[in-house]
file target_27.cif (mmCIF, C-alpha atoms and all ligand atoms)
data_run
loop_
_atom_site.label_atom_id
_atom_site.label_comp_id
_atom_site.auth_asym_id
_atom_site.auth_seq_id
_atom_site.Cartn_x
_atom_site.Cartn_y
_atom_site.Cartn_z
CA PRO A 94 15.52 -20.43 -28.83
CA SER A 95 17.75 -23.05 -27.24
CA PHE A 96 17.23 -26.50 -25.83
CA ALA A 97 19.40 -29.23 -24.36
CA LEU A 98 19.18 -33.00 -24.67
CA ASN A 99 20.11 -35.28 -21.80
CA ARG A 100 19.08 -38.56 -20.32
CA ILE A 101 17.68 -38.85 -16.79
CA GLY A 102 20.60 -38.62 -14.37
CA GLY A 103 23.00 -38.16 -17.30
CA ASN A 104 25.82 -35.64 -17.59
CA ILE A 105 25.63 -35.02 -21.32
CA SER A 106 26.06 -31.41 -22.44
CA LEU A 107 24.48 -31.17 -25.90
CA ARG A 108 22.48 -28.15 -26.90
CA PHE A 109 20.84 -26.76 -30.02
CA ALA A 110 20.67 -22.97 -30.06
CA GLY A 111 18.13 -22.76 -32.86
CA ILE A 112 15.46 -24.95 -34.36
CA PRO A 113 17.20 -27.81 -36.14
CA MET A 114 15.05 -28.18 -39.22
CA GLY A 115 16.33 -28.24 -42.82
CA HIS A 116 19.58 -30.17 -43.16
CA GLU A 117 19.91 -30.29 -39.37
CA PHE A 118 16.75 -32.32 -38.80
CA THR A 119 18.77 -35.54 -39.17
CA SER A 120 21.20 -34.19 -36.56
CA LEU A 121 18.32 -33.75 -34.13
CA VAL A 122 16.99 -37.26 -34.74
CA LEU A 123 20.46 -38.79 -34.36
CA ALA A 124 21.12 -36.79 -31.21
CA LEU A 125 17.83 -37.98 -29.70
CA LEU A 126 18.70 -41.58 -30.50
CA GLN A 127 22.27 -41.37 -29.21
CA VAL A 128 21.38 -39.47 -26.05
CA GLY A 129 18.76 -42.15 -25.48
CA GLY A 130 21.47 -44.81 -25.61
CA HIS A 131 21.18 -45.98 -29.22
CA PRO A 132 24.68 -47.05 -30.34
CA SER A 133 26.44 -45.08 -33.07
CA LYS A 134 27.71 -46.76 -36.23
CA THR A 135 31.06 -44.99 -35.82
CA ALA A 136 34.04 -47.37 -35.79
CA PRO A 137 34.66 -48.86 -32.32
CA GLU A 138 38.28 -47.62 -32.18
CA VAL A 139 37.10 -44.06 -32.86
CA ILE A 140 34.47 -44.37 -30.12
CA GLU A 141 37.15 -45.63 -27.73
CA GLN A 142 39.43 -42.73 -28.62
CA ILE A 143 36.61 -40.24 -27.98
CA LYS A 144 35.79 -41.79 -24.61
CA ASN A 145 39.43 -41.55 -23.54
CA ILE A 146 39.88 -37.84 -24.26
CA GLU A 147 40.89 -35.96 -21.14
CA GLY A 148 40.61 -32.24 -20.59
CA ASP A 149 37.83 -29.76 -20.89
CA TYR A 150 36.31 -28.97 -24.26
CA THR A 151 33.44 -26.63 -25.06
CA PHE A 152 32.64 -26.66 -28.77
CA GLU A 153 30.32 -24.24 -30.52
CA THR A 154 29.35 -24.90 -34.14
CA TYR A 155 27.69 -22.20 -36.23
CA PHE A 156 25.44 -23.70 -38.90
CA SER A 157 22.75 -22.59 -41.31
CA LEU A 158 19.70 -24.64 -42.17
CA SER A 159 20.65 -24.73 -45.87
CA CYS A 160 24.29 -25.75 -45.29
CA GLN A 161 25.06 -29.21 -46.66
CA ASN A 162 28.44 -29.49 -44.95
CA CYS A 163 27.17 -28.59 -41.49
CA PRO A 164 25.37 -31.78 -40.39
CA ASP A 165 28.59 -33.86 -40.46
CA VAL A 166 30.24 -31.48 -38.01
CA VAL A 167 27.17 -31.07 -35.81
CA GLN A 168 26.63 -34.84 -35.69
CA ALA A 169 30.29 -35.61 -34.97
CA LEU A 170 30.48 -33.14 -32.09
CA ASN A 171 27.09 -34.22 -30.72
CA LEU A 172 28.29 -37.82 -30.65
CA MET A 173 31.50 -36.76 -28.91
CA ALA A 174 29.43 -34.90 -26.29
CA VAL A 175 27.25 -37.97 -25.78
CA LEU A 176 30.26 -40.25 -25.31
CA ASN A 177 32.46 -38.06 -23.14
CA PRO A 178 31.27 -35.73 -20.35
CA ASN A 179 34.48 -33.67 -20.78
CA ILE A 180 33.11 -32.55 -24.16
CA ARG A 181 30.27 -30.05 -24.45
CA HIS A 182 28.66 -28.98 -27.70
CA VAL A 183 26.30 -26.20 -28.71
CA ALA A 184 25.09 -26.15 -32.30
CA ILE A 185 24.10 -22.58 -33.12
CA ASP A 186 21.91 -21.42 -36.00
CA GLY A 187 23.84 -18.33 -37.10
CA ALA A 188 20.71 -16.77 -38.61
CA LEU A 189 19.19 -16.49 -35.13
CA PHE A 190 22.32 -15.21 -33.40
CA GLN A 191 23.46 -12.46 -35.77
CA GLY A 192 25.14 -10.52 -32.96
CA GLU A 193 27.50 -13.45 -32.24
CA VAL A 194 28.12 -14.01 -35.94
CA GLU A 195 29.12 -10.37 -36.39
CA ALA A 196 31.20 -10.22 -33.21
CA ARG A 197 33.13 -13.33 -34.25
CA GLN A 198 33.27 -12.19 -37.88
CA ILE A 199 31.97 -15.55 -39.10
CA MET A 200 31.99 -15.58 -42.90
CA SER A 201 31.09 -19.22 -43.61
CA VAL A 202 29.42 -22.22 -42.07
CA PRO A 203 30.17 -24.54 -40.48
CA SER A 204 32.52 -22.54 -38.25
CA ILE A 205 33.66 -24.38 -35.16
CA TYR A 206 34.91 -22.78 -31.96
CA LEU A 207 36.68 -24.61 -29.17
CA ASN A 208 36.83 -22.96 -25.73
CA GLY A 209 36.09 -19.62 -27.37
CA GLU A 210 38.77 -19.82 -30.11
CA LEU A 211 38.27 -20.66 -33.79
CA PHE A 212 38.97 -24.41 -34.17
CA GLY A 213 38.10 -25.02 -37.80
CA GLN A 214 35.82 -24.33 -40.74
CA GLY A 215 34.16 -26.62 -43.24
CA ARG A 216 33.08 -30.20 -43.21
CA MET A 217 34.87 -32.54 -40.80
CA GLY A 218 34.05 -35.77 -39.09
CA GLU A 219 35.01 -37.39 -35.79
CA GLU A 220 38.37 -38.61 -37.05
CA GLU A 221 39.45 -35.19 -38.30
CA ILE A 222 38.31 -33.52 -35.10
CA LEU A 223 40.15 -36.14 -33.03
CA ALA A 224 43.33 -35.71 -35.05
CA LYS A 225 43.21 -31.95 -34.40
CA LEU A 226 42.47 -32.41 -30.69
CA ASP A 227 44.62 -35.32 -29.72
CA THR A 228 48.14 -34.20 -30.54
CA GLY A 229 49.54 -37.20 -28.69
CA ALA A 230 47.72 -39.41 -31.19
CA SER A 231 49.43 -37.57 -34.03
CA ALA A 232 52.87 -38.28 -32.55
CA ARG A 233 51.91 -41.93 -32.03
CA ASP A 234 50.70 -42.04 -35.65
CA ALA A 235 53.99 -40.57 -36.86
CA GLU A 236 55.95 -43.28 -35.11
CA LYS A 237 53.75 -46.05 -36.52
CA LEU A 238 53.91 -44.64 -40.05
CA SER A 239 57.68 -44.23 -40.01
CA ALA A 240 58.03 -47.88 -38.98
CA LYS A 241 56.20 -49.10 -42.11
CA GLU A 242 58.14 -50.97 -44.74
CA ALA A 243 58.75 -49.10 -47.99
CA PHE A 244 55.90 -49.27 -50.51
CA ASP A 245 56.35 -50.13 -54.16
CA VAL A 246 53.83 -47.40 -55.02
CA LEU A 247 52.82 -44.68 -52.63
CA VAL A 248 49.95 -42.46 -53.77
CA VAL A 249 49.65 -39.06 -52.14
CA GLY A 250 46.03 -37.93 -52.25
CA GLY A 251 42.83 -39.89 -51.78
CA GLY A 252 40.39 -38.25 -54.18
CA PRO A 253 39.01 -40.08 -57.23
CA ALA A 254 42.40 -39.86 -58.96
CA GLY A 255 44.35 -41.25 -56.00
CA ALA A 256 41.78 -44.00 -55.44
CA ALA A 257 41.94 -45.04 -59.11
CA ALA A 258 45.75 -45.05 -59.10
CA ALA A 259 45.81 -47.18 -55.95
CA ILE A 260 43.34 -49.70 -57.36
CA TYR A 261 45.24 -50.02 -60.63
CA ALA A 262 48.53 -50.58 -58.82
CA ALA A 263 47.15 -52.97 -56.21
CA ARG A 264 45.40 -55.05 -58.87
CA LYS A 265 48.84 -55.83 -60.29
CA GLY A 266 49.98 -57.14 -56.94
CA ILE A 267 52.10 -54.08 -56.27
CA ARG A 268 52.51 -53.14 -52.59
CA THR A 269 50.49 -49.92 -52.51
CA GLY A 270 49.82 -47.21 -49.94
CA VAL A 271 47.64 -44.09 -50.04
CA ALA A 272 48.46 -41.14 -47.82
CA ALA A 273 45.66 -38.59 -47.92
CA GLU A 274 44.90 -35.50 -45.97
CA ARG A 275 41.22 -36.28 -46.49
CA PHE A 276 40.26 -39.51 -48.19
CA GLY A 277 37.46 -38.75 -50.67
CA GLY A 278 38.88 -35.37 -51.69
CA GLN A 279 36.62 -32.70 -53.16
CA VAL A 280 33.91 -35.28 -53.68
CA LEU A 281 33.20 -34.95 -49.94
CA ASP A 282 32.22 -31.32 -50.48
CA THR A 283 29.46 -31.83 -52.99
CA MET A 284 25.97 -33.26 -52.72
CA ALA A 285 24.48 -33.75 -56.16
CA ILE A 286 26.65 -35.54 -58.73
CA GLU A 287 24.79 -36.13 -61.97
CA ASN A 288 27.55 -36.58 -64.53
CA PHE A 289 29.20 -39.79 -63.30
CA ILE A 290 28.43 -41.87 -66.35
CA SER A 291 26.30 -44.96 -65.64
CA VAL A 292 25.20 -43.58 -62.25
CA ASN A 293 22.29 -41.21 -62.90
CA GLU A 294 22.55 -39.42 -59.62
CA THR A 295 24.57 -39.78 -56.44
CA GLU A 296 25.78 -37.74 -53.49
CA GLY A 297 29.39 -36.80 -52.74
CA PRO A 298 29.76 -38.48 -49.34
CA LYS A 299 28.10 -41.62 -50.76
CA LEU A 300 30.51 -41.67 -53.70
CA ALA A 301 33.44 -41.08 -51.33
CA ARG A 302 32.36 -44.07 -49.21
CA ALA A 303 32.04 -46.19 -52.35
CA LEU A 304 35.53 -45.12 -53.45
CA GLU A 305 36.97 -46.12 -50.11
CA ASN A 306 35.14 -49.47 -50.08
CA HIS A 307 36.43 -50.18 -53.59
CA VAL A 308 40.02 -49.37 -52.60
CA ARG A 309 39.68 -51.53 -49.48
CA GLU A 310 38.69 -54.49 -51.65
CA TYR A 311 42.39 -54.62 -52.49
CA ASP A 312 45.44 -54.84 -50.31
CA VAL A 313 45.96 -51.08 -50.10
CA ASP A 314 47.21 -49.41 -46.96
CA ILE A 315 45.03 -46.29 -46.58
CA MET A 316 46.65 -43.72 -44.31
CA ASN A 317 43.95 -41.09 -43.91
CA LEU A 318 44.34 -37.66 -42.31
CA GLN A 319 48.01 -37.57 -43.25
CA ARG A 320 49.28 -34.43 -44.93
CA ALA A 321 52.47 -34.67 -46.94
CA ALA A 322 54.81 -31.80 -46.22
CA ALA A 323 57.74 -32.62 -48.51
CA LEU A 324 58.96 -35.05 -51.14
CA ILE A 325 62.60 -36.03 -50.89
CA PRO A 326 63.57 -37.81 -54.11
CA ALA A 327 65.92 -40.80 -53.94
CA SER A 328 69.54 -39.68 -53.95
CA ALA A 329 70.55 -42.46 -56.33
CA GLU A 330 68.75 -44.30 -59.12
CA GLY A 331 66.83 -47.25 -57.69
CA GLY A 332 66.87 -45.74 -54.20
CA LEU A 333 63.85 -44.92 -52.09
CA HIS A 334 61.87 -41.71 -52.36
CA GLU A 335 60.65 -40.28 -49.08
CA ILE A 336 57.50 -38.37 -48.18
CA LYS A 337 57.83 -36.29 -45.05
CA LEU A 338 54.49 -35.96 -43.29
CA GLU A 339 53.31 -32.91 -41.44
CA ASN A 340 53.07 -34.86 -38.18
CA GLY A 341 56.80 -35.64 -38.35
CA GLY A 342 56.42 -39.16 -39.72
CA SER A 343 57.84 -40.32 -43.00
CA LEU A 344 56.93 -42.87 -45.67
CA LYS A 345 59.14 -44.41 -48.31
CA ALA A 346 58.54 -45.89 -51.74
C1 LIG B 1 31.38 -28.36 -54.43
C2 LIG B 1 31.93 -29.24 -55.54
C3 LIG B 1 31.05 -29.84 -56.42
C4 LIG B 1 31.55 -30.66 -57.46
N1 LIG B 1 30.64 -31.28 -58.27
C5 LIG B 1 31.07 -32.08 -59.25
C6 LIG B 1 30.16 -32.78 -60.10
O1 LIG B 1 28.94 -32.69 -59.92
N2 LIG B 1 30.67 -33.55 -61.10
C7 LIG B 1 32.03 -33.67 -61.29
O2 LIG B 1 32.44 -34.37 -62.23
N3 LIG B 1 32.92 -33.04 -60.51
C8 LIG B 1 32.48 -32.25 -59.49
N4 LIG B 1 33.40 -31.62 -58.70
C9 LIG B 1 34.81 -31.75 -58.99
C10 LIG B 1 35.38 -33.10 -58.51
O3 LIG B 1 35.05 -33.29 -57.14
C11 LIG B 1 36.89 -33.07 -58.71
O4 LIG B 1 37.16 -32.90 -60.08
C12 LIG B 1 37.55 -34.36 -58.26
O5 LIG B 1 37.31 -34.58 -56.88
C13 LIG B 1 39.06 -34.30 -58.51
O6 LIG B 1 39.62 -35.50 -58.06
P1 LIG B 1 41.15 -35.61 -57.68
O7 LIG B 1 41.35 -36.96 -57.09
O8 LIG B 1 41.96 -35.19 -58.83
O9 LIG B 1 41.40 -34.46 -56.59
P2 LIG B 1 40.71 -34.14 -55.19
O10 LIG B 1 39.32 -34.64 -55.12
O11 LIG B 1 40.95 -32.67 -54.98
O12 LIG B 1 41.58 -34.95 -54.16
C14 LIG B 1 42.85 -34.52 -53.74
C15 LIG B 1 43.31 -35.44 -52.64
O13 LIG B 1 44.64 -35.09 -52.27
C16 LIG B 1 44.69 -34.86 -50.88
N5 LIG B 1 45.79 -33.93 -50.62
C17 LIG B 1 45.97 -32.67 -51.08
N6 LIG B 1 47.13 -32.18 -50.62
C18 LIG B 1 47.69 -33.16 -49.87
C19 LIG B 1 48.90 -33.27 -49.14
N7 LIG B 1 49.80 -32.27 -49.07
N8 LIG B 1 49.14 -34.42 -48.47
C20 LIG B 1 48.28 -35.46 -48.52
N9 LIG B 1 47.13 -35.41 -49.21
C21 LIG B 1 46.85 -34.27 -49.87
C22 LIG B 1 43.32 -34.36 -50.52
O14 LIG B 1 43.06 -34.50 -49.13
C23 LIG B 1 42.49 -35.33 -51.36
O15 LIG B 1 42.40 -36.59 -50.74
C24 LIG B 1 32.94 -30.83 -57.63
C25 LIG B 1 33.82 -30.23 -56.74
C26 LIG B 1 33.34 -29.47 -55.69
C27 LIG B 1 34.31 -28.84 -54.71
#

call {"tool": "encode", "arguments": {"input": "target_27.cif", "output": "structure tokens"}}
result
Amino acid sequence: PSFALNRIGGNISLRFAGIPMGHEFTSLVLALLQVGGHPSKTAPEVIEQIKNIEGDYTFETYFSLSCQNCPDVVQALNLMAVLNPNIRHVAIDGALFQGEVEARQIMSVPSIYLNGELFGQGRMGEEEILAKLDTGASARDAEKLSAKEAFDVLVVGGGPAGAAAAIYAARKGIRTGVAAERFGGQVLDTMAIENFISVNETEGPKLARALENHVREYDVDIMNLQRAAALIPASAEGGLHEIKLENGGSLKA
């Protein structure tokens, strides 16, 4: 089974190869709304970046109906396909296309292919996909980051621990930055959290959003999707430590 969504006279290439029930039902509803012209809640600068992507991109995402990390990927790529005719997306239920799964030796979902090659695995959103696609953006990022003034406290990592450290520092008026490969950390990978005292039950992505909102209440510079590659300690006491980022940029504190 396979069906495509498009608007009359539109050039959107968005297809579900499977029946998107289970966790993917929301993806279907969102895709229907967005193909129909309903605006996405994604940040305007991200939407702009998606619209400006040049090139030719055919994405295939393998999902399963019970996969909790799949809808984020399916929804991000569907939105990208809606916004940019250079981007095509097929969301494939691996259970119905076992031959493909075996041929590609897919061991986990979501598995994402771009133009026939493995692009990534696991949960990712528009910003992570863009960072992987748009290498020019990464170089521009590196330049911007390197131009930042030194921080008093620079936290590497944006999970609960990093978020707490940043809030504590910023509350004291200390100039604080957070560089995180993935703001939210492992919390993004879980659905049911039932041992966060005083909150009976919550979901990982919801808690991650709350963490970010809390950090943003303070004057903290969050630099998401930045992977630290090396720490170069200050050469003299009182000097600046340096974090070398994977994209070539560097931050000091
Ligand atoms: C599936 C799953 C379910 C879970 N369920 C629960 C639960 O129900 N209850 C519970 O209490 N705990 C649960 N946990 C554990 C909980 O999520 C972790 O204990 C918690 O997230 C740890 O927080 P942290 O900030 O120390 O590290 P992490 O959450 O691991 O965050 C690390 C941060 O550092 C970043 N980072 C790593 N390397 C680099 C680098 N080189 N450069 C820049 N940034 C980097 C990461 O991107 C991330 O932002 C679960 C974990 C998982 C995976």

call {"tool": "residues_around", "arguments": {"input": "target_27.cif", "residues": "Asp149 in chain A", "least_positions_apart": "6", "cutoff": "9 Å", "atoms": "all atoms listed in the file", "output": "ChimeraX atom specification"}}
result
/A:178-181,208

call {"tool": "residues_near_ligand", "arguments": {"input": "target_27.cif", "ligand": "ligand LIG 1 (chain B)", "cutoff": "8 Å", "atoms": "all atoms listed in the file", "output": "PDB file with C-alpha atoms, in the frame of the given file"}}
result
ATOM      1  CA  VAL A 249      49.650 -39.060 -52.140  1.00  0.00           C
ATOM      2  CA  GLY A 250      46.030 -37.930 -52.250  1.00  0.00           C
ATOM      3  CA  GLY A 251      42.830 -39.890 -51.780  1.00  0.00           C
ATOM      4  CA  GLY A 252      40.390 -38.250 -54.180  1.00  0.00           C
ATOM      5  CA  PRO A 253      39.010 -40.080 -57.230  1.00  0.00           C
ATOM      6  CA  ALA A 254      42.400 -39.860 -58.960  1.00  0.00           C
ATOM      7  CA  GLY A 255      44.350 -41.250 -56.000  1.00  0.00           C
ATOM      8  CA  ALA A 256      41.780 -44.000 -55.440  1.00  0.00           C
ATOM      9  CA  ALA A 272      48.460 -41.140 -47.820  1.00  0.00           C
ATOM     10  CA  ALA A 273      45.660 -38.590 -47.920  1.00  0.00           C
ATOM     11  CA  GLU A 274      44.900 -35.500 -45.970  1.00  0.00           C
ATOM     12  CA  ARG A 275      41.220 -36.280 -46.490  1.00  0.00           C
ATOM     13  CA  PHE A 276      40.260 -39.510 -48.190  1.00  0.00           C
ATOM     14  CA  GLY A 277      37.460 -38.750 -50.670  1.00  0.00           C
ATOM     15  CA  GLY A 278      38.880 -35.370 -51.690  1.00  0.00           C
ATOM     16  CA  GLN A 279      36.620 -32.700 -53.160  1.00  0.00           C
ATOM     17  CA  VAL A 280      33.910 -35.280 -53.680  1.00  0.00           C
ATOM     18  CA  LEU A 281      33.200 -34.950 -49.940  1.00  0.00           C
ATOM     19  CA  ASP A 282      32.220 -31.320 -50.480  1.00  0.00           C
ATOM     20  CA  THR A 283      29.460 -31.830 -52.990  1.00  0.00           C
ATOM     21  CA  MET A 284      25.970 -33.260 -52.720  1.00  0.00           C
ATOM     22  CA  ALA A 285      24.480 -33.750 -56.160  1.00  0.00           C
ATOM     23  CA  ILE A 286      26.650 -35.540 -58.730  1.00  0.00           C
ATOM     24  CA  GLU A 287      24.790 -36.130 -61.970  1.00  0.00           C
ATOM     25  CA  ASN A 288      27.550 -36.580 -64.530  1.00  0.00           C
ATOM     26  CA  PHE A 289      29.200 -39.790 -63.300  1.00  0.00           C
ATOM     27  CA  GLY A 297      29.390 -36.800 -52.740  1.00  0.00           C
ATOM     28  CA  LEU A 318      44.340 -37.660 -42.310  1.00  0.00           C
ATOM     29  CA  GLN A 319      48.010 -37.570 -43.250  1.00  0.00           C
ATOM     30  CA  ARG A 320      49.280 -34.430 -44.930  1.00  0.00           C
ATOM     31  CA  ALA A 321      52.470 -34.670 -46.940  1.00  0.00           C
ATOM     32  CA  ALA A 322      54.810 -31.800 -46.220  1.00  0.00           C
ATOM     33  CA  ALA A 323      57.740 -32.620 -48.510  1.00  0.00           C
ATOM     34  CA  LEU A 338      54.490 -35.960 -43.290  1.00  0.00           C
TER      35      LEU A 338
END

call {"tool": "closest_residue", "arguments": {"input": "target_27.cif", "among": "A:Glu117, A:Glu210, A:Glu193, A:Glu305", "to": "Ala257 in chain A", "atoms": "only C-alpha atoms"}}
result
A:Glu305

call {"tool": "residues_around", "arguments": {"input": "target_27.cif", "residues": "Arg233 in chain A", "least_positions_apart": "5", "cutoff": "12 Å", "atoms": "all atoms listed in the file", "output": "PyMOL selection string"}}
result
chain A and resi 224+227-228+238-240+340-342

call {"tool": "write_last_selection", "arguments": {"input": "target_27.cif", "atoms": "C-alpha atoms", "output": "PDB file, in the frame of the given file"}}
result
ATOM      1  CA  ALA A 224      43.330 -35.710 -35.050  1.00  0.00           C
ATOM      2  CA  ASP A 227      44.620 -35.320 -29.720  1.00  0.00           C
ATOM      3  CA  THR A 228      48.140 -34.200 -30.540  1.00  0.00           C
ATOM      4  CA  LEU A 238      53.910 -44.640 -40.050  1.00  0.00           C
ATOM      5  CA  SER A 239      57.680 -44.230 -40.010  1.00  0.00           C
ATOM      6  CA  ALA A 240      58.030 -47.880 -38.980  1.00  0.00           C
ATOM      7  CA  ASN A 340      53.070 -34.860 -38.180  1.00  0.00           C
ATOM      8  CA  GLY A 341      56.800 -35.640 -38.350  1.00  0.00           C
ATOM      9  CA  GLY A 342      56.420 -39.160 -39.720  1.00  0.00           C
TER      10      GLY A 342
END

call {"tool": "closest_atom_pairs", "arguments": {"input": "target_27.cif", "of": "range 221-263 of chain A", "to": "range 167-171 of chain A", "cutoff": "12 Å", "atoms": "only C-alpha atoms", "output": "Markdown table"}}
result
| residue | atom | partner | partner_atom | distance |
| --- | --- | --- | --- | --- |
| A:Glu221 | CA | A:Ala169 | CA | 9.8 |
| A:Ile222 | CA | A:Ala169 | CA | 8.3 |
| A:Leu223 | CA | A:Ala169 | CA | 10.1 |

call {"tool": "atom_distance", "arguments": {"input": "target_27.cif", "atom1": "CA of Met200 in chain A", "atom2": "CA of Ala188 in chain A"}}
result
12.1 Å

call {"tool": "closest_residue", "arguments": {"input": "target_27.cif", "among": "A:Pro203, A:Pro113, A:Gly218, A:Gly129", "to": "Tyr155 in chain A", "atoms": "all atoms listed in the file"}}
result
A:Pro203

call {"tool": "atom_distance", "arguments": {"input": "target_27.cif", "atom1": "CA of Gln198 in chain A", "atom2": "CA of Leu107 in chain A"}}
result
24.1 Å

call {"tool": "closest_residue", "arguments": {"input": "target_27.cif", "among": "A:Ile112, A:Ile325, A:Val246, A:Leu226", "to": "Tyr150 in chain A", "atoms": "all atoms listed in the file"}}
result
A:Leu226

call {"tool": "atom_distance", "arguments": {"input": "target_27.cif", "atom1": "CA of Leu172 in chain A", "atom2": "CA of Gly130 in chain A"}}
result
11.0 Å

call {"tool": "closest_residue", "arguments": {"input": "target_27.cif", "among": "A:Val166, A:Ala243, A:Ile146, A:Cys160", "to": "Val202 in chain A", "atoms": "only C-alpha atoms"}}
result
A:Cys160

call {"tool": "closest_residue", "arguments": {"input": "target_27.cif", "among": "A:Lys237, A:Lys337, A:Arg108, A:Arg197", "to": "Ile185 in chain A", "atoms": "only C-alpha atoms"}}
result
A:Arg108

call {"tool": "decode", "arguments": {"input": "target_27.cif", "residues": "range 297-313 of chain A", "atoms": "N, CA, C and O atoms", "output": "JSON list (two decimals), in the first residue's frame"}}
result
[["chain", "number", "residue", "atom", "x", "y", "z"],
["A", 297, "GLY", "N", 9.05, 12.60, 27.64],
["A", 297, "GLY", "CA", 10.39, 13.12, 27.42],
["A", 297, "GLY", "C", 10.43, 14.42, 26.62],
["A", 297, "GLY", "O", 10.96, 15.43, 27.12],
["A", 298, "PRO", "N", 9.88, 14.42, 25.40],
["A", 298, "PRO", "CA", 9.96, 15.65, 24.59],
["A", 298, "PRO", "C", 9.32, 16.85, 25.30],
["A", 298, "PRO", "O", 9.79, 17.98, 25.16],
["A", 299, "LYS", "N", 8.25, 16.56, 26.08],
["A", 299, "LYS", "CA", 7.57, 17.65, 26.81],
["A", 299, "LYS", "C", 8.50, 18.19, 27.90],
["A", 299, "LYS", "O", 8.63, 19.41, 28.08],
["A", 300, "LEU", "N", 9.17, 17.26, 28.61],
["A", 300, "LEU", "CA", 10.10, 17.68, 29.66],
["A", 300, "LEU", "C", 11.27, 18.44, 29.04],
["A", 300, "LEU", "O", 11.74, 19.45, 29.58],
["A", 301, "ALA", "N", 11.74, 17.97, 27.88],
["A", 301, "ALA", "CA", 12.87, 18.65, 27.21],
["A", 301, "ALA", "C", 12.48, 20.08, 26.83],
["A", 301, "ALA", "O", 13.26, 21.02, 26.99],
["A", 302, "ARG", "N", 11.25, 20.25, 26.34],
["A", 302, "ARG", "CA", 10.78, 21.60, 25.98],
["A", 302, "ARG", "C", 10.71, 22.48, 27.22],
["A", 302, "ARG", "O", 11.09, 23.65, 27.21],
["A", 303, "ALA", "N", 10.23, 21.88, 28.33],
["A", 303, "ALA", "CA", 10.11, 22.64, 29.58],
["A", 303, "ALA", "C", 11.49, 23.04, 30.08],
["A", 303, "ALA", "O", 11.69, 24.16, 30.56],
["A", 304, "LEU", "N", 12.47, 22.13, 29.94],
["A", 304, "LEU", "CA", 13.85, 22.44, 30.34],
["A", 304, "LEU", "C", 14.35, 23.64, 29.55],
["A", 304, "LEU", "O", 14.92, 24.59, 30.10],
["A", 305, "GLU", "N", 14.13, 23.58, 28.25],
["A", 305, "GLU", "CA", 14.63, 24.66, 27.39],
["A", 305, "GLU", "C", 13.95, 25.99, 27.73],
["A", 305, "GLU", "O", 14.60, 27.02, 27.84],
["A", 306, "ASN", "N", 12.62, 25.94, 27.93],
["A", 306, "ASN", "CA", 11.91, 27.17, 28.27],
["A", 306, "ASN", "C", 12.43, 27.75, 29.58],
["A", 306, "ASN", "O", 12.58, 28.97, 29.71],
["A", 307, "HIS", "N", 12.72, 26.85, 30.53],
["A", 307, "HIS", "CA", 13.22, 27.32, 31.83],
["A", 307, "HIS", "C", 14.58, 28.00, 31.66],
["A", 307, "HIS", "O", 14.82, 29.09, 32.17],
["A", 308, "VAL", "N", 15.46, 27.35, 30.89],
["A", 308, "VAL", "CA", 16.79, 27.94, 30.67],
["A", 308, "VAL", "C", 16.65, 29.29, 29.95],
["A", 308, "VAL", "O", 17.34, 30.26, 30.27],
["A", 309, "ARG", "N", 15.72, 29.37, 28.99],
["A", 309, "ARG", "CA", 15.57, 30.61, 28.24],
["A", 309, "ARG", "C", 14.97, 31.75, 29.06],
["A", 309, "ARG", "O", 14.97, 32.89, 28.64],
["A", 310, "GLU", "N", 14.42, 31.41, 30.22],
["A", 310, "GLU", "CA", 13.93, 32.47, 31.14],
["A", 310, "GLU", "C", 15.10, 33.34, 31.59],
["A", 310, "GLU", "O", 14.91, 34.46, 32.04],
["A", 311, "TYR", "N", 16.30, 32.77, 31.52],
["A", 311, "TYR", "CA", 17.50, 33.50, 31.97],
["A", 311, "TYR", "C", 18.33, 33.88, 30.76],
["A", 311, "TYR", "O", 18.08, 33.43, 29.65],
["A", 312, "ASP", "N", 19.34, 34.72, 31.03],
["A", 312, "ASP", "CA", 20.15, 35.20, 29.93],
["A", 312, "ASP", "C", 21.23, 34.16, 29.62],
["A", 312, "ASP", "O", 22.41, 34.35, 29.92],
["A", 313, "VAL", "N", 20.79, 33.05, 29.04],
["A", 313, "VAL", "CA", 21.73, 31.96, 28.71],
["A", 313, "VAL", "C", 21.79, 31.84, 27.19],
["A", 313, "VAL", "O", 20.75, 31.81, 26.53]]
